[in-house]
>>> print(open('model-v5.txt').read())   # compact mmCIF, C-alpha atoms
# COMPACT_ATOMS: atom_id res chain seq x y z
CA MET A 1 -46.88 52.17 58.98
CA LEU A 2 -50.54 52.43 59.91
CA GLY A 3 -52.01 49.25 61.32
CA LEU A 4 -55.66 48.66 60.48
CA ASP A 5 -57.21 46.35 63.09
CA PRO A 6 -60.84 47.49 62.96
CA ASP A 7 -62.93 46.49 65.95
CA PRO A 8 -66.62 46.65 64.94
CA ALA A 9 -67.47 47.71 68.48
CA ALA A 10 -65.02 50.63 68.44
CA LEU A 11 -65.29 52.24 65.01
CA TRP A 12 -65.08 55.98 64.53
CA PRO A 13 -68.58 57.38 65.16
CA ASP A 14 -68.76 59.16 61.80
CA ALA A 15 -68.20 55.86 59.97
CA VAL A 16 -71.03 54.17 61.84
CA GLU A 17 -73.41 57.09 61.44
CA ALA A 18 -72.63 57.48 57.74
CA GLU A 19 -73.42 53.87 56.94
CA ALA A 20 -76.54 53.82 59.09
CA THR A 21 -77.78 56.93 57.30
CA ALA A 22 -76.84 55.68 53.84
CA PHE A 23 -78.59 52.33 54.15
CA GLY A 24 -81.33 53.13 56.62
CA GLU A 25 -84.03 50.55 57.12
CA ALA A 26 -83.22 48.80 53.84
CA THR A 27 -80.58 46.66 55.49
CA ILE A 28 -82.24 45.80 58.77
CA GLY A 29 -81.07 42.29 59.54
CA ASP A 30 -77.97 42.56 57.34
CA SER A 31 -75.59 43.10 60.24
CA ALA A 32 -72.58 41.69 58.38
CA GLY A 33 -73.03 43.88 55.33
CA LEU A 34 -73.71 47.03 57.31
CA THR A 35 -70.79 46.39 59.68
CA ALA A 36 -68.42 45.66 56.81
CA ALA A 37 -69.41 48.90 55.10
CA ALA A 38 -68.77 50.82 58.32
CA VAL A 39 -65.41 49.06 58.76
CA GLU A 40 -64.44 50.04 55.23
CA ARG A 41 -65.36 53.68 55.81
CA HIS A 42 -63.56 53.67 59.17
CA CYS A 43 -60.36 52.39 57.56
CA VAL A 44 -60.53 54.82 54.65
CA ASP A 45 -61.11 57.73 57.05
CA ALA A 46 -58.12 56.57 59.13
CA MET A 47 -55.96 56.42 55.99
CA ASP A 48 -57.04 59.89 54.96
CA ALA A 49 -56.08 61.20 58.39
CA ALA A 50 -52.83 59.34 59.07
CA GLY A 51 -51.80 58.27 55.57
CA PRO A 52 -49.81 61.43 54.75
CA TYR A 53 -47.38 60.44 57.53
CA CYS A 54 -47.09 56.77 56.53
CA VAL A 55 -45.58 54.71 53.73
CA ALA A 56 -47.94 51.76 54.11
CA VAL A 57 -50.96 50.29 55.84
CA LYS A 58 -51.08 46.90 57.52
CA PRO A 59 -54.60 45.46 57.55
CA GLN A 60 -55.01 42.62 60.02
CA LEU A 61 -56.84 40.06 57.89
CA ALA A 62 -58.67 38.41 60.78
CA CYS A 63 -60.42 41.66 61.62
CA PHE A 64 -62.02 41.60 58.16
CA GLU A 65 -62.46 37.85 57.74
CA ARG A 66 -64.59 37.56 60.87
CA LEU A 67 -67.29 39.43 58.96
CA GLY A 68 -67.48 36.72 56.30
CA ALA A 69 -67.74 37.46 52.60
CA ASP A 70 -68.71 41.07 53.30
CA GLY A 71 -65.55 41.49 55.33
CA TRP A 72 -63.36 40.23 52.49
CA GLN A 73 -65.06 42.68 50.13
CA ALA A 74 -64.30 45.47 52.61
CA LEU A 75 -60.67 44.33 52.76
CA ALA A 76 -60.42 44.41 48.97
CA ALA A 77 -61.95 47.89 48.92
CA VAL A 78 -59.55 49.13 51.62
CA THR A 79 -56.61 47.70 49.67
CA GLY A 80 -57.73 49.54 46.55
CA ALA A 81 -58.26 52.75 48.49
CA ALA A 82 -54.77 52.51 49.98
CA HIS A 83 -53.20 52.06 46.55
CA LYS A 84 -55.12 55.06 45.20
CA ARG A 85 -53.61 57.09 48.02
CA GLY A 86 -50.08 55.97 47.19
CA LEU A 87 -49.78 53.66 50.20
CA LEU A 88 -48.33 50.18 50.15
CA VAL A 89 -50.41 47.36 51.62
CA LEU A 90 -48.92 44.72 53.91
CA ALA A 91 -51.50 41.98 54.48
CA ASP A 92 -51.02 40.74 58.04
CA GLY A 93 -52.30 37.18 58.14
CA LYS A 94 -49.21 35.26 59.32
CA ARG A 95 -49.93 32.52 56.81
CA GLY A 96 -48.08 29.22 57.03
CA ASP A 97 -49.01 25.69 56.03
CA VAL A 98 -47.85 22.69 54.01
CA PRO A 99 -46.64 23.66 50.51
CA VAL A 100 -49.85 22.94 48.59
CA THR A 101 -51.86 25.10 51.00
CA ALA A 102 -49.15 27.77 51.14
CA ARG A 103 -49.47 28.06 47.37
CA ALA A 104 -53.18 28.80 47.76
CA TYR A 105 -52.45 31.42 50.40
CA ALA A 106 -49.95 33.02 48.05
CA GLN A 107 -52.48 33.13 45.22
CA ALA A 108 -55.02 34.73 47.53
CA LEU A 109 -52.67 37.45 48.78
CA VAL A 110 -50.40 38.47 45.89
CA GLY A 111 -51.09 36.16 42.97
CA GLU A 112 -53.83 34.81 40.82
CA THR A 113 -55.59 31.49 40.32
CA HIS A 114 -56.12 29.76 36.99
CA THR A 115 -59.64 28.37 36.62
CA PRO A 116 -61.69 26.88 33.74
CA PHE A 117 -63.37 30.28 33.54
CA GLY A 118 -60.26 32.43 33.45
CA LEU A 119 -57.95 34.04 35.97
CA VAL A 120 -59.14 34.97 39.43
CA ARG A 121 -56.96 37.67 40.90
CA GLY A 122 -56.08 37.75 44.58
CA LEU A 123 -56.00 40.67 46.98
CA GLY A 124 -53.09 42.41 45.28
CA ALA A 125 -51.14 43.17 48.44
CA ASP A 126 -47.61 44.54 48.21
CA ALA A 127 -46.37 42.31 51.02
CA PHE A 128 -47.65 39.87 53.62
CA THR A 129 -46.63 38.21 56.86
CA ALA A 130 -45.89 34.49 57.08
CA SER A 131 -45.07 31.89 59.69
CA PRO A 132 -41.82 30.00 59.00
CA LEU A 133 -42.44 27.27 61.57
CA LEU A 134 -43.27 24.60 59.00
CA GLY A 135 -39.86 25.03 57.39
CA ARG A 136 -38.40 26.21 54.11
CA ASP A 137 -40.50 24.03 51.83
CA ALA A 138 -43.66 25.64 53.21
CA LEU A 139 -42.21 29.12 52.64
CA GLU A 140 -41.08 28.47 49.08
CA PRO A 141 -44.53 28.84 47.42
CA LEU A 142 -45.06 32.09 49.31
CA LEU A 143 -41.66 33.46 48.33
CA GLU A 144 -42.03 32.37 44.71
CA ALA A 145 -45.37 34.14 44.45
CA ALA A 146 -43.94 37.24 46.10
CA ASP A 147 -41.03 37.22 43.65
CA ALA A 148 -43.39 36.94 40.68
CA ALA A 149 -45.53 39.81 41.94
CA GLY A 150 -42.64 42.04 43.02
CA ALA A 151 -43.94 41.77 46.57
CA GLY A 152 -42.37 41.22 49.97
CA CYS A 153 -42.73 38.47 52.56
CA PHE A 154 -42.18 39.20 56.26
CA CYS A 155 -41.47 36.08 58.30
CA LEU A 156 -42.13 35.85 62.01
CA VAL A 157 -38.82 35.83 63.89
CA ARG A 158 -39.45 37.32 67.34
CA THR A 159 -43.00 38.49 67.93
CA SER A 160 -44.20 41.25 70.25
CA ASN A 161 -46.58 39.34 72.53
CA PRO A 162 -45.41 38.55 76.10
CA GLY A 163 -45.94 34.81 75.71
CA ALA A 164 -43.49 34.64 72.81
CA ALA A 165 -40.60 34.16 75.24
CA GLU A 166 -41.86 30.72 76.24
CA ILE A 167 -41.25 29.37 72.74
CA GLN A 168 -39.14 31.82 70.76
CA ASP A 169 -36.48 32.48 73.43
CA GLU A 170 -35.84 28.78 74.10
CA PRO A 171 -33.52 27.01 74.52
CA ALA A 172 -31.39 29.68 76.13
CA ASP A 173 -28.16 28.61 74.43
CA ALA A 174 -29.73 28.47 70.94
CA PRO A 175 -33.04 30.35 70.97
CA LEU A 176 -35.56 29.69 68.27
CA TYR A 177 -35.57 33.33 67.17
CA GLU A 178 -31.89 33.06 66.25
CA ARG A 179 -32.49 29.96 64.15
CA LEU A 180 -35.39 31.65 62.40
CA ALA A 181 -33.28 34.77 61.84
CA ARG A 182 -30.54 32.74 60.15
CA MET A 183 -33.08 31.09 57.87
CA VAL A 184 -34.63 34.42 56.91
CA ALA A 185 -31.21 35.86 56.17
CA GLU A 186 -30.31 32.89 53.96
CA LEU A 187 -33.60 33.03 52.07
CA GLY A 188 -33.10 36.73 51.53
CA GLU A 189 -29.56 36.59 50.12
CA PRO A 190 -30.63 35.80 46.53
CA ARG A 191 -33.37 38.43 46.78
CA LEU A 192 -31.33 41.55 47.48
CA GLY A 193 -32.39 44.77 45.80
CA SER A 194 -30.19 47.57 44.50
CA CYS A 195 -30.26 49.27 47.92
CA GLY A 196 -28.83 46.16 49.58
CA LEU A 197 -32.05 45.16 51.32
CA SER A 198 -33.92 41.91 50.76
CA SER A 199 -37.56 41.32 49.83
CA VAL A 200 -37.67 38.71 52.60
CA GLY A 201 -38.31 40.67 55.78
CA ALA A 202 -38.59 39.78 59.46
CA VAL A 203 -41.23 40.53 62.07
CA THR A 204 -39.24 41.60 65.13
CA GLY A 205 -41.27 43.00 68.00
CA ALA A 206 -40.50 46.46 69.31
CA THR A 207 -41.41 45.23 72.79
CA ARG A 208 -38.02 43.50 73.02
CA PRO A 209 -35.57 46.21 71.96
CA ASP A 210 -32.78 44.35 73.79
CA LEU A 211 -32.87 41.74 71.01
CA VAL A 212 -32.86 44.11 68.06
CA ALA A 213 -29.08 44.51 67.88
CA ARG A 214 -28.52 40.75 67.87
CA LEU A 215 -31.21 40.22 65.25
CA ARG A 216 -29.67 42.93 63.09
CA GLU A 217 -26.31 41.18 63.41
CA LEU A 218 -27.90 37.94 62.17
CA MET A 219 -29.94 39.63 59.43
CA PRO A 220 -27.87 42.53 58.04
CA HIS A 221 -29.86 42.87 54.79
CA THR A 222 -33.34 42.23 56.15
CA ILE A 223 -36.11 44.82 56.51
CA PHE A 224 -37.50 44.66 60.04
CA LEU A 225 -41.22 45.02 60.62
CA LEU A 226 -41.46 46.38 64.16
CA PRO A 227 -44.90 45.93 65.76
CA GLY A 228 -45.58 46.79 69.39
CA VAL A 229 -44.91 50.54 69.43
CA GLY A 230 -47.50 52.49 71.35
CA ALA A 231 -50.31 50.44 72.88
CA GLN A 232 -48.03 47.44 73.58
CA GLY A 233 -45.39 49.60 75.25
CA GLY A 234 -42.62 49.69 72.65
CA THR A 235 -40.83 52.97 71.85
CA VAL A 236 -39.16 54.11 68.65
CA GLU A 237 -36.16 55.54 70.49
CA ALA A 238 -35.03 52.06 71.58
CA LEU A 239 -34.90 50.68 68.04
CA ALA A 240 -31.83 52.38 66.58
CA PRO A 241 -30.02 49.14 65.51
CA ALA A 242 -32.91 48.25 63.23
CA PHE A 243 -32.15 51.27 61.02
CA GLU A 244 -28.38 50.84 60.85
CA PRO A 245 -28.06 49.34 57.34
CA HIS A 246 -30.35 51.80 55.56
CA PRO A 247 -33.08 54.39 56.34
CA ALA A 248 -35.60 51.95 54.86
CA ALA A 249 -34.30 48.94 56.79
CA ALA A 250 -37.10 49.10 59.36
CA LEU A 251 -40.83 49.75 59.33
CA VAL A 252 -42.35 50.94 62.58
CA THR A 253 -46.00 49.96 62.77
CA ALA A 254 -48.64 51.26 65.12
CA SER A 255 -52.37 50.56 65.18
CA ARG A 256 -54.34 51.43 68.29
CA SER A 257 -52.02 54.23 69.39
CA ILE A 258 -52.90 56.06 66.16
CA VAL A 259 -56.47 55.05 65.33
CA ASP A 260 -57.61 55.29 68.95
CA ALA A 261 -55.51 58.34 69.82
CA HIS A 262 -58.65 60.44 70.40
CA ARG A 263 -59.51 58.33 73.44
CA ASP A 264 -56.47 59.69 75.27
CA ARG A 265 -56.00 63.04 73.54
CA GLY A 266 -59.62 64.03 73.11
CA GLY A 267 -60.92 65.85 70.06
CA GLU A 268 -62.00 64.45 66.73
CA PRO A 269 -60.67 60.96 65.86
CA ALA A 270 -59.20 62.06 62.53
CA GLU A 271 -57.32 65.01 64.01
CA ALA A 272 -55.96 62.94 66.89
CA ALA A 273 -54.88 60.15 64.53
CA ALA A 274 -53.10 62.60 62.24
CA ALA A 275 -51.24 64.14 65.17
CA ALA A 276 -50.21 60.75 66.57
CA ALA A 277 -49.03 59.53 63.17
CA GLU A 278 -47.02 62.68 62.57
CA GLU A 279 -45.33 62.37 65.96
CA LEU A 280 -44.42 58.74 65.30
CA ARG A 281 -43.04 59.57 61.87
CA ASP A 282 -40.97 62.42 63.28
CA SER A 283 -39.58 60.18 66.05
CA ALA A 284 -38.53 57.55 63.53
CA TRP A 285 -36.99 60.12 61.22
CA ARG A 286 -34.97 61.68 64.05
CA LEU A 287 -33.65 58.22 64.87
CA VAL A 288 -32.62 57.66 61.26
CA GLN A 289 -30.90 61.05 61.04
CA ALA A 290 -29.09 60.49 64.31
CA GLY A 291 -27.68 57.23 62.94
>>> encode(input="model-v5.txt", output="structure tokens")
Amino acid sequence: MLGLDPDPAALWPDAVEAEATAFGEATIGDSAGLTAAAVERHCVDAMDAAGPYCVAVKPQLACFERLGADGWQALAAVTGAAHKRGLLVLADGKRGDVPVTARAYAQALVGETHTPFGLVRGLGADAFTASPLLGRDALEPLLEAADAAGAGCFCLVRTSNPGAAEIQDEPADAPLYERLARMVAELGEPRLGSCGLSSVGAVTGATRPDLVARLRELMPHTIFLLPGVGAQGGTVEALAPAFEPHPAAALVTASRSIVDAHRDRGGEPAEAAAAAAEELRDSAWRLVQAG
């Protein structure tokens, strides 16, 4: 899975030059609009390069939202472009709030909103990430909306950042990640597909491969979203337990190690990204075949 975390200060040069040329002096002072257009082009170029080796893209919503309304328009355009290319879209926003607010998040990501003027459709993502820390009642509106849309919901269970251990690995005799894993498994049981996998997934960081086997034991029917490969130090080869139930039981996601591959490899960004994505796909496929 290709992560799209566009940094306006580190976009592919062709995307910046193309937008500057296209708009010229007409948009002087419109930094948000011009930046959002360059971000959109950057993401589409990255999808064209790496997309043939991926099943999905994972746009980090904050990277678009920080550009205001123009950023949300760019996000919508990137989502549409991904669908046109046959790629699924996993909106990474880690949403989580009290039920009434969770319902609004769900409408924004995968649903629609009834208004006096007609329906307002949301982003149209195929899946999204969510925080389960407010409990089941806060997840229910998100899961119900996902069910209605035929979408997936990936709940945070054990994240990839180093500081996660302070909260998620405590207390030692009953770590939080195990309690979250049990809840995700229970929520997923009534949502099993014909392949035996659930539409309720789990975010389980690739930076802690020592936990993957235990998490798989607790969540045998759950699709694992595995961030942290590449720039954060995780490796595909250490993640074999994640794929045990089914070849589609895990999604390896990488962002910077693909999009910024040219910084280490040299050459054109698109060529380097394509090569990095192909290598990651091949590594994951070898792991699946070996299992």
>>> closest_residue(input="model-v5.txt", among="A:Glu217, A:Glu268, A:Glu144, A:Asp169", to="A:Leu187", atoms="all atoms listed in the file")
A:Glu144
>>> closest_residue(input="model-v5.txt", among="A:Cys63, A:Val288, A:Ala125, A:Val110", to="A:Ala81", atoms="all atoms listed in the file")
A:Ala125
>>> atom_distance(input="model-v5.txt", atom1="atom CA of A:Asp30", atom2="atom CA of A:Gly80")
24.0 Å
>>> residues_around(input="model-v5.txt", residues="A:Ala181", least_positions_apart="6", cutoff="10 Å", atoms="all atoms listed in the file", output="VMD selection string")
chain A and resid 155 to 158 187 201 to 204 214 to 219 222
>>> atom_distance(input="model-v5.txt", atom1="atom CA of A:Ala164", atom2="atom CA of A:Pro209")
14.0 Å
>>> atom_distance(input="model-v5.txt", atom1="atom CA of A:Arg136", atom2="atom CA of A:Gly228")
26.6 Å
>>> closest_residue(input="model-v5.txt", among="A:Leu109, A:Tyr53, A:Asp70, A:Ser255", to="A:Asp7", atoms="all atoms listed in the file")
A:Ser255
>>> residues_around(input="model-v5.txt", residues="A:Val78", least_positions_apart="4", cutoff="8 Å", atoms="only C-alpha atoms", output="ChimeraX atom specification")
/A:40,43-44,74,82
>>> write_last_selection(input="model-v5.txt", atoms="C-alpha atoms", output="CSV table (one decimal), in the coordinates of the input")
chain,number,residue,atom,x,y,z
A,40,GLU,CA,-64.4,50.0,55.2
A,43,CYS,CA,-60.4,52.4,57.6
A,44,VAL,CA,-60.5,54.8,54.6
A,74,ALA,CA,-64.3,45.5,52.6
A,82,ALA,CA,-54.8,52.5,50.0
>>> residues_near_point(input="model-v5.txt", point="(-33.5, 40.0, 52.0)", cutoff="10 Å", atoms="all atoms listed in the file", output="PyMOL selection string")
chain A and resi 152-154+184-193+196-202+219-223
>>> residues_around(input="model-v5.txt", residues="stretch 12-21 of chain A", least_positions_apart="5", cutoff="12 Å", atoms="only C-alpha atoms", output="compact mmCIF listing (two decimals) with C-alpha atoms, in the coordinates of the input")
# COMPACT_ATOMS: atom_id res chain seq x y z
CA PRO A 6 -60.84 47.49 62.96
CA ASP A 7 -62.93 46.49 65.95
CA ALA A 26 -83.22 48.80 53.84
CA THR A 27 -80.58 46.66 55.49
CA ILE A 28 -82.24 45.80 58.77
CA ASP A 30 -77.97 42.56 57.34
CA SER A 31 -75.59 43.10 60.24
CA GLY A 33 -73.03 43.88 55.33
CA LEU A 34 -73.71 47.03 57.31
CA THR A 35 -70.79 46.39 59.68
CA ALA A 36 -68.42 45.66 56.81
CA ALA A 37 -69.41 48.90 55.10
CA ALA A 38 -68.77 50.82 58.32
CA VAL A 39 -65.41 49.06 58.76
CA GLU A 40 -64.44 50.04 55.23
CA ARG A 41 -65.36 53.68 55.81
CA HIS A 42 -63.56 53.67 59.17
CA CYS A 43 -60.36 52.39 57.56
CA VAL A 44 -60.53 54.82 54.65
CA ASP A 45 -61.11 57.73 57.05
CA ALA A 46 -58.12 56.57 59.13
CA VAL A 259 -56.47 55.05 65.33
CA ASP A 260 -57.61 55.29 68.95
CA ALA A 261 -55.51 58.34 69.82
CA HIS A 262 -58.65 60.44 70.40
CA ARG A 263 -59.51 58.33 73.44
CA GLU A 268 -62.00 64.45 66.73
CA PRO A 269 -60.67 60.96 65.86
CA ALA A 270 -59.20 62.06 62.53
CA GLU A 271 -57.32 65.01 64.01
CA ALA A 272 -55.96 62.94 66.89
CA ALA A 273 -54.88 60.15 64.53
>>> residues_near_point(input="model-v5.txt", point="(-40.8, 53.4, 55.4)", cutoff="12 Å", atoms="only C-alpha atoms", output="PyMOL selection string")
chain A and resi 1-2+53-57+87-90+223-226+243+246-253+280-282+284-285+288
>>> closest_residue(input="model-v5.txt", among="A:Ala102, A:Leu134, A:Val120, A:Val236", to="A:Ala146", atoms="all atoms listed in the file")
A:Ala102
